[in-house]
file entry-v8.pdb (PDB, C-alpha atoms, pLDDT in the B column)
ATOM      1  CA  MET A   1     -20.831   2.876 -11.081  1.00 77.00           C
ATOM      2  CA  LEU A   2     -17.661   1.589  -9.429  1.00 89.00           C
ATOM      3  CA  SER A   3     -16.784   2.126  -5.788  1.00 95.00           C
ATOM      4  CA  GLU A   4     -13.517   1.599  -3.976  1.00 96.00           C
ATOM      5  CA  LYS A   5     -12.408   1.824  -0.383  1.00 97.00           C
ATOM      6  CA  GLU A   6      -9.921   0.523   2.139  1.00 97.00           C
ATOM      7  CA  ILE A   7     -11.194  -1.486   5.081  1.00 97.00           C
ATOM      8  CA  PHE A   8      -9.819  -3.582   7.917  1.00 98.00           C
ATOM      9  CA  TYR A   9     -10.998  -7.121   8.515  1.00 98.00           C
ATOM     10  CA  SER A  10     -10.335  -9.280  11.553  1.00 96.00           C
ATOM     11  CA  SER A  11      -7.702 -12.014  11.390  1.00 96.00           C
ATOM     12  CA  TYR A  12      -6.289 -14.280  14.068  1.00 89.00           C
ATOM     13  CA  ASP A  13      -4.160 -11.858  16.066  1.00 89.00           C
ATOM     14  CA  SER A  14      -4.612  -8.569  14.256  1.00 93.00           C
ATOM     15  CA  ASN A  15      -6.717  -6.581  11.821  1.00 97.00           C
ATOM     16  CA  VAL A  16      -5.633  -6.720   8.184  1.00 98.00           C
ATOM     17  CA  ARG A  17      -5.975  -3.805   5.778  1.00 98.00           C
ATOM     18  CA  ALA A  18      -7.527  -4.501   2.390  1.00 98.00           C
ATOM     19  CA  PHE A  19      -8.431  -2.609  -0.764  1.00 98.00           C
ATOM     20  CA  MET A  20     -11.896  -3.227  -2.227  1.00 98.00           C
ATOM     21  CA  ALA A  21     -13.086  -2.283  -5.693  1.00 98.00           C
ATOM     22  CA  SER A  22     -16.621  -3.165  -6.692  1.00 97.00           C
ATOM     23  CA  PRO A  23     -19.327  -2.562  -9.278  1.00 95.00           C
ATOM     24  CA  GLU A  24     -22.890  -1.974  -8.117  1.00 92.00           C
ATOM     25  CA  ASN A  25     -23.930  -5.637  -8.370  1.00 92.00           C
ATOM     26  CA  PRO A  26     -20.862  -7.912  -8.380  1.00 94.00           C
ATOM     27  CA  ARG A  27     -21.193 -11.304 -10.034  1.00 88.00           C
ATOM     28  CA  LEU A  28     -18.664 -12.922  -7.687  1.00 96.00           C
ATOM     29  CA  ALA A  29     -15.727 -11.994  -5.445  1.00 98.00           C
ATOM     30  CA  VAL A  30     -12.038 -12.286  -6.288  1.00 98.00           C
ATOM     31  CA  ILE A  31      -9.349 -12.308  -3.596  1.00 98.00           C
ATOM     32  CA  VAL A  32      -6.431 -10.534  -5.302  1.00 99.00           C
ATOM     33  CA  ILE A  33      -3.101 -11.555  -3.769  1.00 98.00           C
ATOM     34  CA  HIS A  34      -0.110  -9.292  -4.218  1.00 98.00           C
ATOM     35  CA  GLU A  35       3.440  -9.934  -5.331  1.00 97.00           C
ATOM     36  CA  ILE A  36       6.372  -9.675  -2.953  1.00 96.00           C
ATOM     37  CA  TRP A  37       6.090  -5.864  -3.186  1.00 96.00           C
ATOM     38  CA  GLY A  38       2.887  -5.781  -1.148  1.00 97.00           C
ATOM     39  CA  LEU A  39      -0.406  -4.010  -1.821  1.00 97.00           C
ATOM     40  CA  ASN A  40       0.767  -1.376  -4.292  1.00 96.00           C
ATOM     41  CA  ASP A  41      -0.702   0.675  -7.134  1.00 96.00           C
ATOM     42  CA  ASN A  42      -0.278  -2.204  -9.578  1.00 97.00           C
ATOM     43  CA  ILE A  43      -2.454  -4.524  -7.484  1.00 98.00           C
ATOM     44  CA  LYS A  44      -5.021  -1.772  -6.948  1.00 98.00           C
ATOM     45  CA  ASP A  45      -5.189  -1.186 -10.700  1.00 98.00           C
ATOM     46  CA  ILE A  46      -5.703  -4.904 -11.343  1.00 98.00           C
ATOM     47  CA  SER A  47      -8.482  -4.826  -8.756  1.00 98.00           C
ATOM     48  CA  ARG A  48     -10.131  -1.924 -10.592  1.00 98.00           C
ATOM     49  CA  ARG A  49      -9.890  -3.839 -13.858  1.00 98.00           C
ATOM     50  CA  LEU A  50     -11.734  -6.739 -12.233  1.00 98.00           C
ATOM     51  CA  ALA A  51     -14.381  -4.366 -10.896  1.00 97.00           C
ATOM     52  CA  ASN A  52     -14.842  -3.001 -14.408  1.00 97.00           C
ATOM     53  CA  GLU A  53     -15.674  -6.560 -15.454  1.00 96.00           C
ATOM     54  CA  ASP A  54     -18.438  -6.679 -12.789  1.00 96.00           C
ATOM     55  CA  TYR A  55     -16.524  -8.532 -10.053  1.00 97.00           C
ATOM     56  CA  LEU A  56     -15.763  -7.469  -6.516  1.00 98.00           C
ATOM     57  CA  ALA A  57     -11.981  -7.364  -6.024  1.00 98.00           C
ATOM     58  CA  PHE A  58     -10.686  -7.775  -2.491  1.00 98.00           C
ATOM     59  CA  ALA A  59      -6.931  -7.240  -2.110  1.00 98.00           C
ATOM     60  CA  PRO A  60      -5.502  -7.773   1.392  1.00 98.00           C
ATOM     61  CA  GLN A  61      -2.282  -6.089   2.438  1.00 98.00           C
ATOM     62  CA  LEU A  62      -0.568  -9.184   3.803  1.00 98.00           C
ATOM     63  CA  TYR A  63       2.184  -7.000   5.268  1.00 98.00           C
ATOM     64  CA  THR A  64      -0.202  -5.017   7.481  1.00 97.00           C
ATOM     65  CA  ARG A  65       1.678  -6.016  10.650  1.00 96.00           C
ATOM     66  CA  TYR A  66       5.006  -4.923   9.167  1.00 96.00           C
ATOM     67  CA  GLU A  67       4.150  -1.993   6.898  1.00 92.00           C
ATOM     68  CA  ASN A  68       6.878   0.231   8.356  1.00 94.00           C
ATOM     69  CA  ILE A  69       9.483  -2.423   7.522  1.00 96.00           C
ATOM     70  CA  LEU A  70       8.162  -4.175   4.425  1.00 97.00           C
ATOM     71  CA  THR A  71       8.048  -1.101   2.228  1.00 95.00           C
ATOM     72  CA  PRO A  72       8.639  -1.476  -1.527  1.00 92.00           C
ATOM     73  CA  GLU A  73      11.930   0.406  -1.157  1.00 93.00           C
ATOM     74  CA  ASN A  74      13.230  -1.799   1.661  1.00 95.00           C
ATOM     75  CA  ILE A  75      12.141  -4.973  -0.115  1.00 95.00           C
ATOM     76  CA  GLN A  76      13.722  -3.910  -3.400  1.00 92.00           C
ATOM     77  CA  ASN A  77      16.995  -3.029  -1.686  1.00 90.00           C
ATOM     78  CA  VAL A  78      17.208  -6.492  -0.138  1.00 90.00           C
ATOM     79  CA  MET A  79      15.802  -8.617  -2.938  1.00 88.00           C
ATOM     80  CA  ARG A  80      18.098  -7.042  -5.534  1.00 84.00           C
ATOM     81  CA  ARG A  81      20.993  -8.485  -3.549  1.00 83.00           C
ATOM     82  CA  VAL A  82      19.312 -11.826  -2.933  1.00 81.00           C
ATOM     83  CA  TRP A  83      18.430 -12.288  -6.607  1.00 80.00           C
ATOM     84  CA  SER A  84      22.040 -11.509  -7.569  1.00 79.00           C
ATOM     85  CA  ILE A  85      23.163 -14.678  -5.772  1.00 78.00           C
ATOM     86  CA  PRO A  86      23.884 -17.477  -8.295  1.00 77.00           C
ATOM     87  CA  ALA A  87      21.232 -20.202  -8.080  1.00 70.00           C
ATOM     88  CA  GLU A  88      23.752 -22.825  -6.990  1.00 73.00           C
ATOM     89  CA  LYS A  89      24.722 -20.727  -3.945  1.00 75.00           C
ATOM     90  CA  ARG A  90      21.233 -19.869  -2.673  1.00 70.00           C
ATOM     91  CA  THR A  91      21.253 -22.732  -0.172  1.00 72.00           C
ATOM     92  CA  ASP A  92      24.544 -21.565   1.376  1.00 78.00           C
ATOM     93  CA  PRO A  93      23.847 -19.779   4.701  1.00 74.00           C
ATOM     94  CA  ASN A  94      27.255 -18.096   4.558  1.00 78.00           C
ATOM     95  CA  VAL A  95      26.171 -16.181   1.447  1.00 78.00           C
ATOM     96  CA  TYR A  96      23.122 -14.813   3.270  1.00 75.00           C
ATOM     97  CA  ASN A  97      25.244 -13.934   6.292  1.00 80.00           C
ATOM     98  CA  GLU A  98      27.420 -11.768   4.046  1.00 80.00           C
ATOM     99  CA  ILE A  99      24.361  -9.948   2.721  1.00 80.00           C
ATOM    100  CA  ILE A 100      22.832  -9.510   6.178  1.00 82.00           C
ATOM    101  CA  SER A 101      26.041  -8.025   7.583  1.00 84.00           C
ATOM    102  CA  SER A 102      25.889  -5.247   4.977  1.00 85.00           C
ATOM    103  CA  LEU A 103      22.282  -4.226   5.729  1.00 89.00           C
ATOM    104  CA  ASP A 104      20.717  -1.778   8.170  1.00 91.00           C
ATOM    105  CA  GLU A 105      18.221  -2.973  10.786  1.00 93.00           C
ATOM    106  CA  ASN A 106      15.234  -2.675   8.459  1.00 93.00           C
ATOM    107  CA  GLY A 107      17.054  -4.629   5.781  1.00 93.00           C
ATOM    108  CA  LYS A 108      17.917  -7.380   8.222  1.00 91.00           C
ATOM    109  CA  LYS A 109      14.272  -7.614   9.245  1.00 94.00           C
ATOM    110  CA  VAL A 110      13.224  -7.882   5.586  1.00 95.00           C
ATOM    111  CA  VAL A 111      15.612 -10.821   5.151  1.00 90.00           C
ATOM    112  CA  GLU A 112      14.225 -12.442   8.284  1.00 91.00           C
ATOM    113  CA  LEU A 113      10.611 -12.088   7.135  1.00 95.00           C
ATOM    114  CA  LEU A 114      10.848 -12.730   3.393  1.00 94.00           C
ATOM    115  CA  VAL A 115      13.976 -14.848   2.920  1.00 89.00           C
ATOM    116  CA  THR A 116      15.253 -16.905   5.839  1.00 86.00           C
ATOM    117  CA  GLY A 117      11.868 -16.963   7.605  1.00 91.00           C
ATOM    118  CA  ARG A 118       9.714 -17.076   4.478  1.00 93.00           C
ATOM    119  CA  ALA A 119       7.933 -20.327   5.393  1.00 94.00           C
ATOM    120  CA  LYS A 120       6.745 -18.897   8.722  1.00 96.00           C
ATOM    121  CA  MET A 121       5.659 -15.656   7.050  1.00 97.00           C
ATOM    122  CA  GLU A 122       3.676 -17.542   4.410  1.00 97.00           C
ATOM    123  CA  GLU A 123       1.894 -19.581   7.078  1.00 97.00           C
ATOM    124  CA  GLN A 124       0.714 -16.306   8.605  1.00 97.00           C
ATOM    125  CA  MET A 125      -0.312 -14.915   5.217  1.00 98.00           C
ATOM    126  CA  ILE A 126      -2.361 -18.031   4.462  1.00 98.00           C
ATOM    127  CA  LYS A 127      -4.155 -17.603   7.784  1.00 98.00           C
ATOM    128  CA  ASP A 128      -4.942 -13.993   6.861  1.00 98.00           C
ATOM    129  CA  LEU A 129      -6.233 -15.136   3.472  1.00 98.00           C
ATOM    130  CA  ILE A 130      -8.467 -17.753   5.069  1.00 98.00           C
ATOM    131  CA  LYS A 131      -9.951 -14.965   7.166  1.00 98.00           C
ATOM    132  CA  ALA A 132     -10.389 -12.872   4.002  1.00 98.00           C
ATOM    133  CA  TYR A 133     -12.386 -15.768   2.538  1.00 98.00           C
ATOM    134  CA  ASP A 134     -14.463 -15.941   5.721  1.00 98.00           C
ATOM    135  CA  TYR A 135     -15.055 -12.184   5.589  1.00 98.00           C
ATOM    136  CA  LEU A 136     -16.333 -12.342   2.011  1.00 98.00           C
ATOM    137  CA  ASN A 137     -18.548 -15.268   2.974  1.00 96.00           C
ATOM    138  CA  SER A 138     -19.976 -13.154   5.778  1.00 96.00           C
ATOM    139  CA  LEU A 139     -20.859 -10.471   3.204  1.00 95.00           C
ATOM    140  CA  GLY A 140     -22.961 -13.021   1.359  1.00 95.00           C
ATOM    141  CA  TYR A 141     -20.783 -13.838  -1.632  1.00 95.00           C
ATOM    142  CA  LYS A 142     -21.730 -17.273  -2.902  1.00 91.00           C
ATOM    143  CA  LYS A 143     -18.768 -17.632  -5.256  1.00 97.00           C
ATOM    144  CA  ILE A 144     -15.219 -16.678  -4.309  1.00 98.00           C
ATOM    145  CA  VAL A 145     -12.089 -16.990  -6.447  1.00 98.00           C
ATOM    146  CA  SER A 146      -8.403 -16.470  -5.633  1.00 98.00           C
ATOM    147  CA  MET A 147      -6.063 -14.709  -8.043  1.00 98.00           C
ATOM    148  CA  GLY A 148      -2.396 -14.147  -7.262  1.00 98.00           C
ATOM    149  CA  PHE A 149       0.853 -12.997  -8.820  1.00 98.00           C
ATOM    150  CA  CYS A 150       4.361 -14.336  -8.221  1.00 97.00           C
ATOM    151  CA  MET A 151       4.524 -14.927  -4.443  1.00 98.00           C
ATOM    152  CA  GLY A 152       0.791 -14.241  -4.439  1.00 98.00           C
ATOM    153  CA  GLY A 153       0.284 -16.842  -7.146  1.00 98.00           C
ATOM    154  CA  GLY A 154       1.709 -19.503  -4.865  1.00 98.00           C
ATOM    155  CA  LEU A 155      -0.435 -18.221  -2.007  1.00 98.00           C
ATOM    156  CA  ALA A 156      -3.552 -18.267  -4.208  1.00 98.00           C
ATOM    157  CA  PHE A 157      -2.784 -21.889  -5.070  1.00 98.00           C
ATOM    158  CA  GLN A 158      -2.151 -22.824  -1.439  1.00 98.00           C
ATOM    159  CA  LEU A 159      -5.345 -21.086  -0.312  1.00 98.00           C
ATOM    160  CA  ALA A 160      -7.323 -23.299  -2.687  1.00 98.00           C
ATOM    161  CA  THR A 161      -6.169 -26.311  -0.674  1.00 98.00           C
ATOM    162  CA  GLU A 162      -7.385 -24.720   2.574  1.00 98.00           C
ATOM    163  CA  VAL A 163     -10.865 -23.390   1.685  1.00 98.00           C
ATOM    164  CA  PRO A 164     -13.421 -24.436  -0.976  1.00 98.00           C
ATOM    165  CA  LEU A 165     -12.733 -21.729  -3.534  1.00 98.00           C
ATOM    166  CA  ASP A 166     -14.834 -21.743  -6.676  1.00 98.00           C
ATOM    167  CA  GLY A 167     -11.795 -21.057  -8.843  1.00 98.00           C
ATOM    168  CA  THR A 168      -8.068 -20.313  -8.651  1.00 98.00           C
ATOM    169  CA  ILE A 169      -6.001 -18.106 -10.973  1.00 98.00           C
ATOM    170  CA  VAL A 170      -2.234 -18.512 -10.662  1.00 98.00           C
ATOM    171  CA  PHE A 171       0.162 -16.109 -12.348  1.00 98.00           C
ATOM    172  CA  TYR A 172       3.640 -17.720 -12.267  1.00 98.00           C
ATOM    173  CA  GLY A 173       3.242 -18.993  -8.700  1.00 98.00           C
ATOM    174  CA  ARG A 174       4.725 -22.091  -7.148  1.00 97.00           C
ATOM    175  CA  ASN A 175       2.823 -25.324  -6.582  1.00 98.00           C
ATOM    176  CA  PRO A 176       0.863 -26.074  -3.411  1.00 98.00           C
ATOM    177  CA  GLN A 177       2.885 -27.745  -0.682  1.00 97.00           C
ATOM    178  CA  PRO A 178       2.799 -30.718  -0.480  1.00 97.00           C
ATOM    179  CA  ILE A 179       1.813 -31.329  -4.069  1.00 98.00           C
ATOM    180  CA  ASP A 180      -0.746 -33.959  -3.047  1.00 98.00           C
ATOM    181  CA  ALA A 181      -2.735 -31.119  -1.433  1.00 98.00           C
ATOM    182  CA  VAL A 182      -4.034 -30.551  -4.986  1.00 98.00           C
ATOM    183  CA  GLN A 183      -6.517 -33.285  -4.062  1.00 98.00           C
ATOM    184  CA  LYS A 184      -8.334 -30.782  -1.815  1.00 98.00           C
ATOM    185  CA  ILE A 185      -8.924 -28.174  -4.524  1.00 98.00           C
ATOM    186  CA  LYS A 186     -12.617 -27.740  -5.312  1.00 97.00           C
ATOM    187  CA  GLY A 187     -12.891 -25.417  -8.313  1.00 97.00           C
ATOM    188  CA  PRO A 188     -11.102 -25.153 -11.659  1.00 98.00           C
ATOM    189  CA  ILE A 189      -7.573 -23.769 -11.961  1.00 98.00           C
ATOM    190  CA  LEU A 190      -6.140 -21.310 -14.477  1.00 98.00           C
ATOM    191  CA  GLY A 191      -2.331 -21.373 -14.548  1.00 98.00           C
ATOM    192  CA  LEU A 192      -0.461 -18.671 -16.486  1.00 98.00           C
ATOM    193  CA  TYR A 193       3.305 -19.055 -16.751  1.00 98.00           C
ATOM    194  CA  ALA A 194       6.337 -17.402 -18.357  1.00 98.00           C
ATOM    195  CA  GLY A 195       8.426 -19.475 -20.725  1.00 98.00           C
ATOM    196  CA  GLU A 196      11.652 -17.972 -19.315  1.00 97.00           C
ATOM    197  CA  ASP A 197      11.056 -18.856 -15.665  1.00 96.00           C
ATOM    198  CA  PRO A 198      13.007 -22.053 -14.859  1.00 94.00           C
ATOM    199  CA  PRO A 199      12.399 -22.175 -11.066  1.00 92.00           C
ATOM    200  CA  ILE A 200       8.617 -22.080 -11.535  1.00 96.00           C
ATOM    201  CA  LEU A 201       8.457 -24.171 -14.703  1.00 97.00           C
ATOM    202  CA  SER A 202      10.454 -26.929 -13.032  1.00 96.00           C
ATOM    203  CA  GLY A 203       7.438 -27.602 -10.811  1.00 97.00           C
ATOM    204  CA  LEU A 204       4.938 -28.040 -13.640  1.00 98.00           C
ATOM    205  CA  PRO A 205       5.567 -31.753 -14.292  1.00 98.00           C
ATOM    206  CA  ASP A 206       4.644 -32.517 -10.665  1.00 98.00           C
ATOM    207  CA  LEU A 207       1.613 -30.240 -10.897  1.00 98.00           C
ATOM    208  CA  ILE A 208       0.360 -31.909 -14.065  1.00 98.00           C
ATOM    209  CA  SER A 209       0.896 -35.362 -12.545  1.00 98.00           C
ATOM    210  CA  ALA A 210      -1.112 -34.363  -9.462  1.00 98.00           C
ATOM    211  CA  VAL A 211      -3.877 -32.860 -11.588  1.00 98.00           C
ATOM    212  CA  ILE A 212      -4.133 -36.100 -13.566  1.00 98.00           C
ATOM    213  CA  LYS A 213      -3.953 -38.251 -10.440  1.00 98.00           C
ATOM    214  CA  TYR A 214      -6.733 -36.343  -8.664  1.00 98.00           C
ATOM    215  CA  LYS A 215      -8.735 -35.502 -11.813  1.00 98.00           C
ATOM    216  CA  LYS A 216      -8.735 -31.726 -11.391  1.00 98.00           C
ATOM    217  CA  ASP A 217      -9.794 -29.071 -13.893  1.00 98.00           C
ATOM    218  CA  LEU A 218      -6.679 -27.228 -15.102  1.00 98.00           C
ATOM    219  CA  GLU A 219      -6.208 -24.735 -17.931  1.00 98.00           C
ATOM    220  CA  LEU A 220      -2.496 -24.070 -18.364  1.00 98.00           C
ATOM    221  CA  LYS A 221      -0.777 -21.571 -20.639  1.00 98.00           C
ATOM    222  CA  ILE A 222       2.961 -20.969 -21.032  1.00 98.00           C
ATOM    223  CA  TYR A 223       4.121 -17.829 -22.849  1.00 98.00           C
ATOM    224  CA  PRO A 224       7.372 -18.479 -24.783  1.00 98.00           C
ATOM    225  CA  GLY A 225       9.830 -15.605 -24.476  1.00 97.00           C
ATOM    226  CA  ALA A 226       8.028 -14.033 -21.507  1.00 98.00           C
ATOM    227  CA  TYR A 227       9.703 -13.638 -18.128  1.00 97.00           C
ATOM    228  CA  HIS A 228       8.487 -14.002 -14.562  1.00 96.00           C
ATOM    229  CA  ALA A 229       6.220 -11.029 -13.666  1.00 96.00           C
ATOM    230  CA  PHE A 230       5.339 -10.397 -17.318  1.00 98.00           C
ATOM    231  CA  PHE A 231       1.860  -9.153 -16.316  1.00 98.00           C
ATOM    232  CA  ASN A 232       3.123  -6.252 -14.206  1.00 97.00           C
ATOM    233  CA  ASP A 233       2.956  -3.245 -16.537  1.00 96.00           C
ATOM    234  CA  ARG A 234       5.126  -1.218 -14.147  1.00 94.00           C
ATOM    235  CA  GLY A 235       7.922  -3.787 -14.115  1.00 91.00           C
ATOM    236  CA  PRO A 236      11.034  -4.193 -16.273  1.00 93.00           C
ATOM    237  CA  VAL A 237       9.873  -7.440 -17.941  1.00 96.00           C
ATOM    238  CA  TYR A 238       6.306  -6.439 -18.827  1.00 98.00           C
ATOM    239  CA  ASN A 239       5.230  -8.280 -21.955  1.00 98.00           C
ATOM    240  CA  LYS A 240       2.154  -6.652 -23.468  1.00 98.00           C
ATOM    241  CA  GLU A 241       1.312  -9.467 -25.859  1.00 98.00           C
ATOM    242  CA  ALA A 242       1.449 -12.108 -23.142  1.00 98.00           C
ATOM    243  CA  ALA A 243      -0.335  -9.873 -20.622  1.00 98.00           C
ATOM    244  CA  ASP A 244      -3.166  -9.078 -23.007  1.00 98.00           C
ATOM    245  CA  ASP A 245      -3.701 -12.736 -23.832  1.00 98.00           C
ATOM    246  CA  ALA A 246      -3.553 -13.680 -20.148  1.00 98.00           C
ATOM    247  CA  TRP A 247      -6.186 -11.057 -19.287  1.00 98.00           C
ATOM    248  CA  GLU A 248      -8.532 -12.450 -21.928  1.00 98.00           C
ATOM    249  CA  ARG A 249      -8.073 -15.900 -20.410  1.00 98.00           C
ATOM    250  CA  VAL A 250      -8.812 -14.502 -16.948  1.00 98.00           C
ATOM    251  CA  LYS A 251     -12.017 -12.902 -18.204  1.00 98.00           C
ATOM    252  CA  ASN A 252     -13.121 -16.094 -19.962  1.00 97.00           C
ATOM    253  CA  PHE A 253     -12.327 -18.158 -16.867  1.00 98.00           C
ATOM    254  CA  LEU A 254     -14.351 -15.886 -14.565  1.00 97.00           C
ATOM    255  CA  ARG A 255     -17.205 -15.670 -17.061  1.00 95.00           C
ATOM    256  CA  ARG A 256     -17.393 -19.453 -17.024  1.00 94.00           C
ATOM    257  CA  LEU A 257     -17.690 -19.501 -13.232  1.00 93.00           C
ATOM    258  CA  TYR A 258     -20.738 -17.254 -12.893  1.00 82.00           C
ATOM    259  CA  LYS A 259     -22.770 -18.881 -15.665  1.00 69.00           C
TER
END

call {"tool": "encode", "arguments": {"input": "entry-v8.pdb", "output": "structure tokens"}}
result
Amino acid sequence: MLSEKEIFYSSYDSNVRAFMASPENPRLAVIVIHEIWGLNDNIKDISRRLANEDYLAFAPQLYTRYENILTPENIQNVMRRVWSIPAEKRTDPNVYNEIISSLDENGKKVVELLVTGRAKMEEQMIKDLIKAYDYLNSLGYKKIVSMGFCMGGGLAFQLATEVPLDGTIVFYGRNPQPIDAVQKIKGPILGLYAGEDPPILSGLPDLISAVIKYKKDLELKIYPGAYHAFFNDRGPVYNKEAADDAWERVKNFLRRLYK
């Protein structure tokens, strides 16, 4: 029988809300790390799917401190404009100033947190994820895995360089920074990528070089014709064939870890 609940766990300067889904006797724990949209129904459903496979799923809301500002609606309103900027102009501060001037106060705060101040925000999120790992350790879980999507995929990868995770599952997330931090990763890595995702794919040669250099265990799959966020069945680029195959790979990867 599955159970689910929302809890708060202690982080450095605040309590962080998290969604937990669990079978009666979980085989291991998976930290599920959300996309840029935050802890939404999609992430909760993925957590339930993991629980149905006999794993505890622990999904922190990494926007707990800013939930009144970082709502899906506010984020979508801002990111639609940001993503409309041609790639060659995304380093031009004047372009962002034009966008900011057209936004309300909440929109400006979203830009500050998730665009211009993204590096600072991600540092805080990594700290919250380290505390999530510590919390699961305190519950007695002997094996803990990270699994993240998009922004969360990059965070899942980065977390693996900070704590001794037993495995890392990256859905179209960026590489750890700096890339040589791959040396610190303990467990195997499953990387699942979209074939039509140039910004993320451009980092794969460096990732593969680092994996070879430091002799890490990497399973990598690229889905031709799929787009970034192909696993999100509520999104506009959901690709069922790629998503189904990716889920089978996730299950096989986790099954390997508890044997």

call {"tool": "closest_residue", "arguments": {"input": "entry-v8.pdb", "among": "A:Tyr9, A:Gln183, A:Glu248, A:Phe171", "to": "Phe230 in chain A", "atoms": "all atoms listed in the file"}}
result
A:Phe171

call {"tool": "closest_residue", "arguments": {"input": "entry-v8.pdb", "among": "A:Leu50, A:Leu129, A:Val211, A:Val82", "to": "Asn15 in chain A", "atoms": "only C-alpha atoms"}}
result
A:Leu129

call {"tool": "closest_residue", "arguments": {"input": "entry-v8.pdb", "among": "A:Arg49, A:His34, A:Lys221, A:Lys142", "to": "Tyr63 in chain A", "atoms": "only C-alpha atoms"}}
result
A:His34

call {"tool": "resolve_selection", "arguments": {"input": "entry-v8.pdb", "expression": "the PyMOL selection byres ((chain A and resi 242) around 12)", "output": "ChimeraX atom specification"}}
result
/A:171,192-195,221-233,237-241,243-249

call {"tool": "resolve_selection", "arguments": {"input": "entry-v8.pdb", "expression": "the PyMOL selection byres ((chain A and resi 108) around 12)", "output": "ChimeraX atom specification"}}
result
/A:69-70,74-75,77-79,96-107,109-117

call {"tool": "axis_aligned_box", "arguments": {"input": "entry-v8.pdb", "around": "range 66-74 of chain A", "padding_each_side": "5 Å", "output": "lines of an AutoDock Vina configuration file"}}
result
center_x = 8.7
center_y = -2.3
center_z = 3.8
size_x = 19.1
size_y = 15.3
size_z = 20.7

call {"tool": "closest_residue", "arguments": {"input": "entry-v8.pdb", "among": "A:Asn252, A:Gln61, A:Thr71, A:Ser146", "to": "Thr168 in chain A", "atoms": "all atoms listed in the file"}}
result
A:Ser146

call {"tool": "atom_distance", "arguments": {"input": "entry-v8.pdb", "atom1": "CA of Ile169 in chain A", "atom2": "CA of Ser84 in chain A"}}
result
29.0 Å

call {"tool": "residues_around", "arguments": {"input": "entry-v8.pdb", "residues": "Asp45 in chain A", "least_positions_apart": "3", "cutoff": "12 Å", "atoms": "all atoms listed in the file", "output": "ChimeraX atom specification"}}
result
/A:4,19-21,32,34,39-42,48-52,57-59,232-234

call {"tool": "atom_distance", "arguments": {"input": "entry-v8.pdb", "atom1": "CA of Asp54 in chain A", "atom2": "CA of Asp217 in chain A"}}
result
24.0 Å

call {"tool": "resolve_selection", "arguments": {"input": "entry-v8.pdb", "expression": "the PyMOL selection byres ((chain A and resi 218) around 10)", "output": "PyMOL selection string"}}
result
chain A and resi 168+187-191+207-208+211-212+215-217+219-221

call {"tool": "residues_around", "arguments": {"input": "entry-v8.pdb", "residues": "Arg27 in chain A", "least_positions_apart": "5", "cutoff": "9 Å", "atoms": "all atoms listed in the file", "output": "ChimeraX atom specification"}}
result
/A:54-56,141,143,258

call {"tool": "closest_residue", "arguments": {"input": "entry-v8.pdb", "among": "A:Asp13, A:Asp128, A:Glu35, A:Glu24", "to": "Tyr172 in chain A", "atoms": "only C-alpha atoms"}}
result
A:Glu35

call {"tool": "atom_distance", "arguments": {"input": "entry-v8.pdb", "atom1": "CA of Pro23 in chain A", "atom2": "CA of Ile46 in chain A"}}
result
14.0 Å

call {"tool": "closest_residue", "arguments": {"input": "entry-v8.pdb", "among": "A:Glu73, A:Met147, A:Lys5, A:Lys89", "to": "Lys251 in chain A", "atoms": "all atoms listed in the file"}}
result
A:Met147

call {"tool": "decode", "arguments": {"input": "entry-v8.pdb", "residues": "range 160-167 of chain A", "atoms": "N, CA, C and O atoms", "output": "PDB file, in the first residue's frame"}}
result
ATOM      1  N   ALA A 160      25.471  15.279  -6.928  1.00  0.00           N
ATOM      2  CA  ALA A 160      26.312  14.078  -6.898  1.00  0.00           C
ATOM      3  C   ALA A 160      27.773  14.394  -6.670  1.00  0.00           C
ATOM      4  O   ALA A 160      28.547  13.524  -6.253  1.00  0.00           O
ATOM      5  N   THR A 161      28.169  15.644  -6.918  1.00  0.00           N
ATOM      6  CA  THR A 161      29.551  16.054  -6.649  1.00  0.00           C
ATOM      7  C   THR A 161      29.728  16.573  -5.225  1.00  0.00           C
ATOM      8  O   THR A 161      30.851  16.836  -4.797  1.00  0.00           O
ATOM      9  N   GLU A 162      28.611  16.716  -4.505  1.00  0.00           N
ATOM     10  CA  GLU A 162      28.643  17.277  -3.152  1.00  0.00           C
ATOM     11  C   GLU A 162      28.450  16.224  -2.065  1.00  0.00           C
ATOM     12  O   GLU A 162      28.957  16.387  -0.953  1.00  0.00           O
ATOM     13  N   VAL A 163      27.675  15.180  -2.362  1.00  0.00           N
ATOM     14  CA  VAL A 163      27.405  14.116  -1.378  1.00  0.00           C
ATOM     15  C   VAL A 163      27.564  12.764  -2.075  1.00  0.00           C
ATOM     16  O   VAL A 163      27.419  12.666  -3.299  1.00  0.00           O
ATOM     17  N   PRO A 164      27.848  11.701  -1.326  1.00  0.00           N
ATOM     18  CA  PRO A 164      28.129  10.393  -1.946  1.00  0.00           C
ATOM     19  C   PRO A 164      26.866   9.631  -2.345  1.00  0.00           C
ATOM     20  O   PRO A 164      26.520   8.598  -1.769  1.00  0.00           O
ATOM     21  N   LEU A 165      26.175  10.139  -3.333  1.00  0.00           N
ATOM     22  CA  LEU A 165      24.972   9.472  -3.826  1.00  0.00           C
ATOM     23  C   LEU A 165      25.319   8.101  -4.399  1.00  0.00           C
ATOM     24  O   LEU A 165      26.403   7.899  -4.951  1.00  0.00           O
ATOM     25  N   ASP A 166      24.366   7.201  -4.320  1.00  0.00           N
ATOM     26  CA  ASP A 166      24.567   5.859  -4.861  1.00  0.00           C
ATOM     27  C   ASP A 166      24.206   5.766  -6.335  1.00  0.00           C
ATOM     28  O   ASP A 166      24.461   4.746  -6.980  1.00  0.00           O
ATOM     29  N   GLY A 167      23.630   6.816  -6.883  1.00  0.00           N
ATOM     30  CA  GLY A 167      23.312   6.869  -8.297  1.00  0.00           C
ATOM     31  C   GLY A 167      22.742   8.239  -8.637  1.00  0.00           C
ATOM     32  O   GLY A 167      22.225   8.948  -7.772  1.00  0.00           O
TER      33      GLY A 167
END
